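Below: start_38.csv (CSV, C-alpha atoms)
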```csv
chain,number,residue,atom,x,y,z
A,1126,MET,CA,5.8,-6.7,40.3
A,1127,PHE,CA,7.5,-7.2,36.9
A,1128,THR,CA,5.8,-10.6,36.5
A,1129,ALA,CA,2.4,-9.1,37.2
A,1130,VAL,CA,3.0,-6.3,34.6
A,1131,ALA,CA,4.1,-8.8,32.0
A,1132,LEU,CA,1.1,-11.0,32.7
A,1133,PHE,CA,-1.3,-8.0,32.4
A,1134,SER,CA,0.4,-6.9,29.1
A,1135,GLY,CA,0.1,-10.3,27.7
A,1136,ALA,CA,-3.6,-10.6,28.7
A,1137,MET,CA,-4.3,-7.2,27.0
A,1138,ALA,CA,-2.5,-8.3,23.9
A,1139,VAL,CA,-4.6,-11.5,23.7
A,1140,TRP,CA,-7.8,-9.4,24.4
A,1141,ARG,CA,-7.0,-7.0,21.6
A,1142,SER,CA,-6.3,-9.8,19.2
A,1143,TYR,CA,-9.5,-11.6,20.0
A,1144,ALA,CA,-11.6,-8.4,19.9
A,1145,GLU,CA,-10.2,-7.5,16.4
A,1146,LYS,CA,-10.9,-11.0,15.0
A,1147,HIS,CA,-14.3,-11.2,16.7
A,1148,PRO,CA,-15.8,-7.7,16.5
A,1149,GLY,CA,-19.3,-8.9,17.5
A,1150,SER,CA,-18.1,-10.6,20.7
A,1151,MET,CA,-18.7,-9.4,24.3
A,1152,LEU,CA,-15.0,-8.6,24.7
A,1153,ALA,CA,-15.2,-6.1,21.8
A,1154,PHE,CA,-18.1,-4.0,23.2
A,1155,SER,CA,-16.0,-1.5,25.0
A,1156,SER,CA,-13.8,-0.7,22.0
A,1157,PRO,CA,-15.5,1.2,19.2
A,1158,LYS,CA,-13.8,0.7,15.8
A,1159,ILE,CA,-14.3,1.7,12.2
A,1160,GLY,CA,-14.8,-1.3,10.0
A,1161,VAL,CA,-13.0,-1.7,6.7
A,1162,VAL,CA,-14.3,-3.7,3.7
A,1163,HIS,CA,-12.0,-4.5,0.9
A,1164,VAL,CA,-13.2,-5.2,-2.7
A,1165,GLU,CA,-10.2,-6.3,-4.7
A,1166,GLY,CA,-9.6,-7.9,-8.0
A,1167,MET,CA,-12.2,-9.5,-10.3
A,1168,ILE,CA,-15.6,-9.7,-8.7
A,1169,LEU,CA,-16.5,-13.3,-8.9
A,1170,ASP,CA,-17.7,-14.8,-5.6
A,1171,PRO,CA,-18.6,-12.2,-3.0
A,1172,THR,CA,-19.5,-14.6,-0.3
A,1173,ASP,CA,-16.7,-13.9,2.1
A,1174,THR,CA,-17.0,-10.1,1.6
A,1175,LEU,CA,-20.8,-10.2,2.1
A,1176,ASN,CA,-20.3,-12.2,5.4
A,1177,TRP,CA,-17.9,-9.6,6.6
A,1178,ILE,CA,-20.3,-6.7,5.7
A,1179,ARG,CA,-23.1,-8.5,7.6
A,1180,ARG,CA,-20.9,-8.8,10.7
A,1181,LEU,CA,-20.0,-5.1,10.6
A,1182,ARG,CA,-23.7,-4.2,10.0
A,1183,GLU,CA,-24.8,-6.2,13.1
A,1184,ASP,CA,-21.9,-5.1,15.4
A,1185,PRO,CA,-23.0,-2.2,17.7
A,1186,THR,CA,-19.3,-1.4,18.4
A,1187,VAL,CA,-18.7,-0.4,14.7
A,1188,PRO,CA,-20.2,3.1,14.2
A,1189,ALA,CA,-19.0,3.6,10.6
A,1190,VAL,CA,-17.5,1.6,7.7
A,1191,LEU,CA,-14.9,2.4,5.1
A,1192,VAL,CA,-15.0,0.5,1.8
A,1193,ARG,CA,-11.7,0.3,-0.1
A,1194,ILE,CA,-12.1,-0.7,-3.8
A,1195,ASN,CA,-9.4,-1.8,-6.1
A,1196,SER,CA,-11.3,-3.7,-8.8
A,1197,PRO,CA,-11.6,-3.5,-12.6
A,1198,GLY,CA,-15.0,-5.1,-12.5
A,1199,GLY,CA,-16.5,-8.5,-12.7
A,1200,VAL,CA,-19.6,-10.6,-13.1
A,1201,VAL,CA,-22.9,-8.8,-13.0
A,1202,GLY,CA,-24.7,-10.8,-10.4
A,1203,PRO,CA,-22.0,-10.8,-7.8
A,1204,SER,CA,-21.5,-7.0,-8.3
A,1205,GLN,CA,-25.2,-6.5,-7.7
A,1206,GLU,CA,-25.0,-8.6,-4.5
A,1207,LEU,CA,-22.2,-6.5,-3.1
A,1208,LEU,CA,-24.1,-3.3,-4.0
A,1209,LEU,CA,-27.2,-4.6,-2.1
A,1210,GLY,CA,-25.0,-5.6,0.8
A,1211,LEU,CA,-23.5,-2.1,1.1
A,1212,GLN,CA,-27.0,-0.5,0.7
A,1213,ARG,CA,-28.2,-2.6,3.6
A,1214,LEU,CA,-25.2,-1.6,5.6
A,1215,ALA,CA,-25.7,2.1,4.7
A,1216,GLU,CA,-29.2,1.9,6.1
A,1217,ARG,CA,-27.7,1.4,9.6
A,1218,LYS,CA,-24.4,3.4,9.7
A,1219,PRO,CA,-22.3,5.8,7.6
A,1220,VAL,CA,-20.4,4.2,4.7
A,1221,VAL,CA,-17.7,6.0,2.7
A,1222,VAL,CA,-16.0,4.5,-0.4
A,1223,SER,CA,-12.4,5.0,-1.1
A,1224,MET,CA,-11.2,4.2,-4.6
A,1225,GLY,CA,-7.7,3.0,-5.1
A,1226,ALA,CA,-5.9,2.5,-8.4
A,1227,VAL,CA,-9.0,1.3,-10.2
A,1228,ALA,CA,-12.7,1.1,-9.5
A,1229,ALA,CA,-14.3,0.6,-12.8
A,1230,SER,CA,-17.3,-1.1,-14.3
A,1231,GLY,CA,-18.4,-3.6,-11.6
A,1232,GLY,CA,-16.0,-1.9,-9.2
A,1233,TYR,CA,-17.9,1.4,-9.7
A,1234,TYR,CA,-21.2,-0.5,-9.6
A,1235,VAL,CA,-20.4,-1.5,-6.0
A,1236,ALA,CA,-19.1,1.9,-5.0
A,1237,VAL,CA,-22.5,3.6,-5.4
A,1238,GLY,CA,-23.8,1.7,-2.4
A,1239,GLY,CA,-21.9,4.1,-0.1
A,1240,HIS,CA,-23.1,7.5,1.1
A,1241,GLN,CA,-20.0,9.2,-0.3
A,1242,ILE,CA,-17.3,8.2,-2.8
A,1243,VAL,CA,-13.8,9.5,-2.7
A,1244,ALA,CA,-11.4,8.9,-5.6
A,1245,ASN,CA,-7.8,9.8,-6.3
A,1246,PRO,CA,-7.5,12.2,-9.2
A,1247,GLY,CA,-5.7,9.5,-11.1
A,1248,THR,CA,-8.0,6.6,-10.2
A,1249,LEU,CA,-9.3,4.8,-13.2
A,1250,THR,CA,-13.1,4.5,-12.9
A,1251,GLY,CA,-16.3,4.7,-15.0
A,1252,SER,CA,-16.5,2.1,-17.7
A,1253,ILE,CA,-20.2,1.9,-17.2
A,1254,GLY,CA,-21.5,-0.7,-19.6
A,1255,VAL,CA,-21.8,-4.4,-20.3
A,1256,ARG,CA,-20.1,-6.5,-23.0
A,1257,MET,CA,-20.4,-10.1,-24.1
A,1258,GLU,CA,-17.7,-11.7,-26.2
A,1259,LEU,CA,-17.9,-15.1,-27.8
A,1260,THR,CA,-15.2,-17.3,-29.3
A,1261,ASN,CA,-15.9,-19.1,-32.6
A,1262,LEU,CA,-13.9,-22.2,-33.3
A,1263,GLN,CA,-15.9,-23.4,-36.3
A,1264,GLY,CA,-13.2,-22.6,-38.9
A,1265,LEU,CA,-10.6,-24.5,-36.8
A,1266,MET,CA,-12.9,-27.5,-36.4
A,1267,GLU,CA,-13.4,-27.7,-40.1
A,1268,LYS,CA,-9.7,-27.5,-40.8
A,1269,LEU,CA,-9.1,-30.4,-38.4
A,1270,GLY,CA,-11.9,-32.4,-39.9
A,1271,ILE,CA,-13.9,-32.5,-36.7
A,1272,ARG,CA,-17.7,-32.3,-36.9
A,1273,ARG,CA,-19.9,-31.7,-34.0
A,1274,ASP,CA,-23.7,-32.4,-33.7
A,1275,SER,CA,-25.9,-31.4,-30.8
A,1276,LEU,CA,-29.5,-32.1,-29.9
A,1277,THR,CA,-31.4,-29.4,-28.0
A,1278,SER,CA,-34.8,-28.9,-26.4
A,1279,GLY,CA,-35.0,-25.3,-27.6
A,1280,THR,CA,-34.0,-22.9,-30.3
A,1281,PHE,CA,-31.6,-20.9,-28.2
A,1282,LYS,CA,-30.1,-23.7,-26.1
A,1283,THR,CA,-26.8,-23.8,-28.0
A,1284,THR,CA,-26.6,-20.0,-28.5
A,1285,GLY,CA,-23.1,-18.9,-27.8
A,1286,SER,CA,-21.5,-22.3,-28.5
A,1287,PRO,CA,-17.9,-21.9,-29.8
A,1288,PHE,CA,-18.6,-24.5,-32.4
A,1289,GLU,CA,-21.4,-22.7,-34.3
A,1290,GLU,CA,-21.7,-19.3,-35.9
A,1291,LEU,CA,-24.4,-17.0,-34.4
A,1292,THR,CA,-27.6,-16.7,-36.5
A,1293,PRO,CA,-29.2,-13.3,-36.9
A,1294,GLU,CA,-31.9,-14.4,-34.4
A,1295,GLU,CA,-29.4,-15.5,-31.9
A,1296,ARG,CA,-27.4,-12.3,-32.2
A,1297,GLU,CA,-30.6,-10.2,-31.7
A,1298,TYR,CA,-31.4,-12.4,-28.7
A,1299,LEU,CA,-28.0,-12.0,-27.0
A,1300,GLN,CA,-28.0,-8.2,-27.7
A,1301,SER,CA,-31.3,-8.0,-25.8
A,1302,VAL,CA,-29.7,-9.7,-22.8
A,1303,VAL,CA,-26.7,-7.3,-22.9
A,1304,MET,CA,-29.0,-4.3,-23.1
A,1305,ASP,CA,-31.2,-5.5,-20.3
A,1306,MET,CA,-28.1,-5.8,-18.0
A,1307,HIS,CA,-27.0,-2.4,-19.2
A,1308,ASP,CA,-30.3,-0.9,-18.3
A,1309,GLN,CA,-30.1,-2.4,-14.8
A,1310,PHE,CA,-26.6,-1.0,-14.4
A,1311,VAL,CA,-27.6,2.5,-15.5
A,1312,ARG,CA,-30.7,2.6,-13.3
A,1313,ASP,CA,-28.7,1.4,-10.2
A,1314,ILE,CA,-26.1,4.1,-10.8
A,1315,ALA,CA,-28.7,6.8,-11.3
A,1316,GLN,CA,-30.4,5.7,-8.0
A,1317,GLY,CA,-27.2,5.4,-6.1
A,1318,ARG,CA,-25.9,8.8,-7.2
A,1319,ASP,CA,-29.3,10.5,-7.2
A,1320,MET,CA,-28.8,11.5,-10.9
A,1321,PRO,CA,-31.3,11.6,-13.7
A,1322,ILE,CA,-31.2,8.4,-15.8
A,1323,ASP,CA,-30.6,10.4,-19.0
A,1324,ALA,CA,-27.5,12.0,-17.4
A,1325,VAL,CA,-26.1,8.5,-16.6
A,1326,GLU,CA,-27.0,7.1,-19.9
A,1327,ALA,CA,-25.2,9.9,-21.7
A,1328,ILE,CA,-21.8,8.7,-20.2
A,1329,ALA,CA,-22.7,5.0,-20.0
A,1330,ASP,CA,-20.9,4.1,-23.3
A,1331,GLY,CA,-18.1,2.1,-21.7
A,1332,ARG,CA,-15.7,5.0,-21.5
A,1333,ILE,CA,-13.1,5.0,-18.7
A,1334,MET,CA,-12.3,8.2,-16.9
A,1335,THR,CA,-10.0,9.5,-14.3
A,1336,GLY,CA,-11.1,10.3,-10.8
A,1337,ARG,CA,-10.9,14.0,-11.5
A,1338,GLN,CA,-13.1,13.5,-14.6
A,1339,ALA,CA,-15.6,11.4,-12.6
A,1340,PHE,CA,-15.7,14.2,-10.0
A,1341,GLU,CA,-16.6,16.8,-12.6
A,1342,LEU,CA,-19.4,14.5,-13.9
A,1343,GLY,CA,-20.8,13.9,-10.4
A,1344,LEU,CA,-19.9,10.3,-10.3
A,1345,VAL,CA,-17.7,10.8,-7.1
A,1346,ASP,CA,-18.1,13.3,-4.3
A,1347,ALA,CA,-14.5,14.2,-3.4
A,1348,LEU,CA,-10.9,13.8,-4.5
A,1349,GLY,CA,-8.4,12.3,-2.2
A,1350,GLY,CA,-6.9,9.1,-0.9
A,1351,GLN,CA,-7.8,6.7,1.9
A,1352,GLU,CA,-6.8,9.2,4.6
A,1353,GLU,CA,-9.1,11.8,3.2
A,1354,ALA,CA,-11.9,9.2,2.9
A,1355,LEU,CA,-11.4,8.3,6.6
A,1356,ASP,CA,-11.5,12.0,7.6
A,1357,LEU,CA,-14.8,12.4,5.7
A,1358,LEU,CA,-16.2,9.2,7.3
A,1359,ARG,CA,-15.2,10.4,10.8
A,1360,SER,CA,-16.9,13.7,10.1
A,1361,ILE,CA,-20.1,12.1,8.9
A,1362,ALA,CA,-20.2,9.7,11.8
A,1363,GLU,CA,-19.3,12.5,14.2
A,1364,ILE,CA,-16.3,10.6,15.6
A,1365,ASP,CA,-14.1,13.2,17.2
A,1366,HIS,CA,-11.7,10.7,18.8
A,1367,ARG,CA,-9.2,8.2,17.4
A,1368,VAL,CA,-10.6,4.7,16.8
A,1369,GLU,CA,-9.0,1.6,15.5
A,1370,LEU,CA,-9.6,0.1,12.1
A,1371,ILE,CA,-10.7,-3.5,11.9
A,1372,GLU,CA,-10.5,-5.6,8.8
A,1373,ASP,CA,-11.8,-9.1,7.9
A,1374,PRO,CA,-9.4,-11.5,9.7
A,1375,ARG,CA,-9.5,-13.7,6.6
A,1376,ARG,CA,-7.2,-11.2,4.9
A,1377,ASP,CA,-4.5,-12.6,7.1
A,1378,ARG,CA,-4.4,-15.7,5.0
A,1379,SER,CA,-1.0,-16.6,3.7
A,1380,LEU,CA,0.0,-15.6,0.2
A,1381,TRP,CA,-0.1,-19.2,-1.0
A,1382,ARG,CA,-3.7,-19.7,0.2
A,1383,ARG,CA,-4.7,-16.5,-1.6
A,1384,VAL,CA,-3.1,-17.7,-4.8
A,1385,LEU,CA,-4.9,-21.0,-4.5
A,1386,GLY,CA,-8.2,-19.2,-3.8
A,1387,SER,CA,-7.7,-17.0,-6.9
A,1388,VAL,CA,-7.0,-20.1,-9.1
A,1389,GLU,CA,-10.1,-21.9,-7.7
A,1390,GLU,CA,-12.3,-18.8,-8.5
A,1391,GLU,CA,-10.9,-18.6,-12.0
A,1392,LEU,CA,-11.5,-22.3,-12.7
A,1393,SER,CA,-15.0,-22.0,-11.3
A,1394,LEU,CA,-15.7,-19.1,-13.6
A,1395,GLN,CA,-14.3,-21.0,-16.6
A,1396,ARG,CA,-16.6,-23.9,-15.9
A,1397,SER,CA,-19.6,-21.7,-15.9
A,1398,ARG,CA,-21.4,-21.6,-19.2
A,1399,TRP,CA,-22.5,-18.0,-18.8
A,1400,GLY,CA,-20.1,-15.4,-17.5
A,1401,ALA,CA,-21.9,-12.2,-18.4
A,1402,MET,CA,-19.7,-9.5,-17.0
A,1403,LEU,CA,-19.5,-5.8,-16.6
A,1404,GLY,CA,-16.8,-5.1,-19.1
A,1405,SER,CA,-13.7,-2.9,-18.7
A,1406,PRO,CA,-10.7,-2.7,-21.0
A,1407,TRP,CA,-8.3,-4.2,-18.5
A,1408,GLY,CA,-10.5,-7.1,-17.5
A,1409,PRO,CA,-10.9,-10.5,-19.3
A,1410,MET,CA,-11.4,-10.2,-23.0
A,1411,TRP,CA,-14.6,-12.2,-22.9
A,1412,ILE,CA,-17.9,-11.9,-21.3
A,1413,ALA,CA,-19.8,-15.0,-22.0
A,1414,HIS,CA,-18.6,-18.3,-23.4
```
What would the structure in this file look like if it were written as C-alpha cells?
Amino acid sequence: MFTAVALFSGAMAVWRSYAEKHPGSMLAFSSPKIGVVHVEGMILDPTDTLNWIRRLREDPTVPAVLVRINSPGGVVGPSQELLLGLQRLAERKPVVVSMGAVAASGGYYVAVGGHQIVANPGTLTGSIGVRMELTNLQGLMEKLGIRRDSLTSGTFKTTGSPFEELTPEEREYLQSVVMDMHDQFVRDIAQGRDMPIDAVEAIADGRIMTGRQAFELGLVDALGGQEEALDLLRSIAEIDHRVELIEDPRRDRSLWRRVLGSVEEELSLQRSRWGAMLGSPWGPMWIAH
C-alpha cells in the first residue's frame, strides 16, 4: 500500500512539473493557471519574452496574465515589440501590469499594453521621452596624431561617427529622428491609456515620477504591489478560486547562464551602429553611437 501511494505521489509530481513547463500540452488542460510574464533589466532582445507571451495567448488553460516589470527602459524597437505582444495578448484575455522597483521609459512603454497598471507608491516610473547621445573622439585623435578618412555613398552615411564633429545639417537631421521616435512614444502612451495626446505631451519631457505621482496623473490605475495586482486580475477575470501561477521555464536557468546571456546581449548592442533608446537617468549614458 505504501509503495502504491509513493508511486502515485511521484507520478503526480512529474505531471505537475511537466504541466508547468508545458502549459499548452494536453496534460495541462485540467489545471487552469494564471500566466506570469517578467520584463526585467534593459530591454534589448525581447525574443524569449515574446515567445512566452505567445504561448500564454494560445493556451486555453490560462485565463489571465500578470506582467511584472522591473526595467529602466531600453531600445525603442524592442520596447514596441513587447507592447504589441501584450496588446495582442490583451485582445484575448485580461492582462494586469505590476510595476516593481522601476518601470520607466521603455519599461513604462511596455506597461501600457495591459488593461490595468498597478504601481507601488515608490515605484520609479515615467521618464517618457527619447534621447540620443554621441561620443566625439576627434580631439583625442588629433592629439595622438591619428587621421581618419572615409568614403561614403551619401551625405549622412557617417553621421554620428565618433571621429567627426556634427555639422548643423547632421544635428538637425538627428534631432528629427529623435522627435519622430518621441512622437511615436507619446501617441502609443495616449492610445494605451486612453488619454488626450496633449495631456501626455505635457508630461513627456523625460521627467521621472513616483508611482503615487503617476497615479495622480492618470498614468497608472491603482497603487499596490504584486499581491494587489493579482487580486485585481482575479477580479477582472472573475476567478473566485485559487489558481497556480506559471512562469517561463527559461527563468530556471542557472545564474551563470543568465550572466553569460546578459554579457552577450550587451556585446550585441555595442556592435550595433545605431542604438536609439528610450532614455532614463539610470540607464546607459548614450543612445546612439
| query | Could you state the separation of CA of Arg1332 in chain A and CA of Thr1250 in chain A in Å, given to one decimal place? | reply | 9.0 Å
| task | Dump as a VMD selection string all residues having an atom at most 10 Å from (-8.7, -8.9, -0.7), computed in the file's coordinates with only C-alpha atoms. | result | chain A and resid 1162 to 1166 1173 to 1174 1193 to 1196 1373 1375 to 1378 1383
| task | Find, counting only C-alpha atoms, the residue in A:Ile1371, A:Met1304, A:Val1345, A:Leu1299 that gets nearest to Arg1180 in chain A. | result |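 The answer is A:Ile1371, which sits nearest to Arg1180 in chain A.
Of the listed residues A:Ala1339, A:Val1201, A:Val1221, A:Leu1276, the one whose atoms come nearest to Glu1353 in chain A is A:Val1221, with distances taken using only C-alpha atoms.
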| Out of A:Leu1249, A:Thr1283, A:Ala1228, A:Glu1295, which residue has the shortest atom-to-atom distance to Gly1336 in chain A when counting all atoms listed in the file? |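 Ranked by minimum distance to Gly1336 in chain A, first place goes to A:Leu1249.
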Ser1252 in chain A environment, 10 Å, only C-alpha atoms, sequence neighbours closer than 3 positions dropped, as a short mmCIF file (atom, residue, chain, number, x, y, z; two decimals) with C-alpha atoms, in the frame of the given file:
```
data_model
loop_
_atom_site.label_atom_id
_atom_site.label_comp_id
_atom_site.auth_asym_id
_atom_site.auth_seq_id
_atom_site.Cartn_x
_atom_site.Cartn_y
_atom_site.Cartn_z
CA PRO A 1197 -11.60 -3.50 -12.60
CA GLY A 1198 -15.00 -5.10 -12.50
CA ALA A 1228 -12.70 1.10 -9.50
CA ALA A 1229 -14.30 0.60 -12.80
CA SER A 1230 -17.30 -1.10 -14.30
CA GLY A 1231 -18.40 -3.60 -11.60
CA GLY A 1232 -16.00 -1.90 -9.20
CA TYR A 1233 -17.90 1.40 -9.70
CA TYR A 1234 -21.20 -0.50 -9.60
CA LEU A 1249 -9.30 4.80 -13.20
CA VAL A 1255 -21.80 -4.40 -20.30
CA ILE A 1328 -21.80 8.70 -20.20
CA ALA A 1329 -22.70 5.00 -20.00
CA ASP A 1330 -20.90 4.10 -23.30
CA GLY A 1331 -18.10 2.10 -21.70
CA ARG A 1332 -15.70 5.00 -21.50
CA ILE A 1333 -13.10 5.00 -18.70
CA MET A 1334 -12.30 8.20 -16.90
CA LEU A 1403 -19.50 -5.80 -16.60
CA GLY A 1404 -16.80 -5.10 -19.10
CA SER A 1405 -13.70 -2.90 -18.70
CA PRO A 1406 -10.70 -2.70 -21.00
#
```
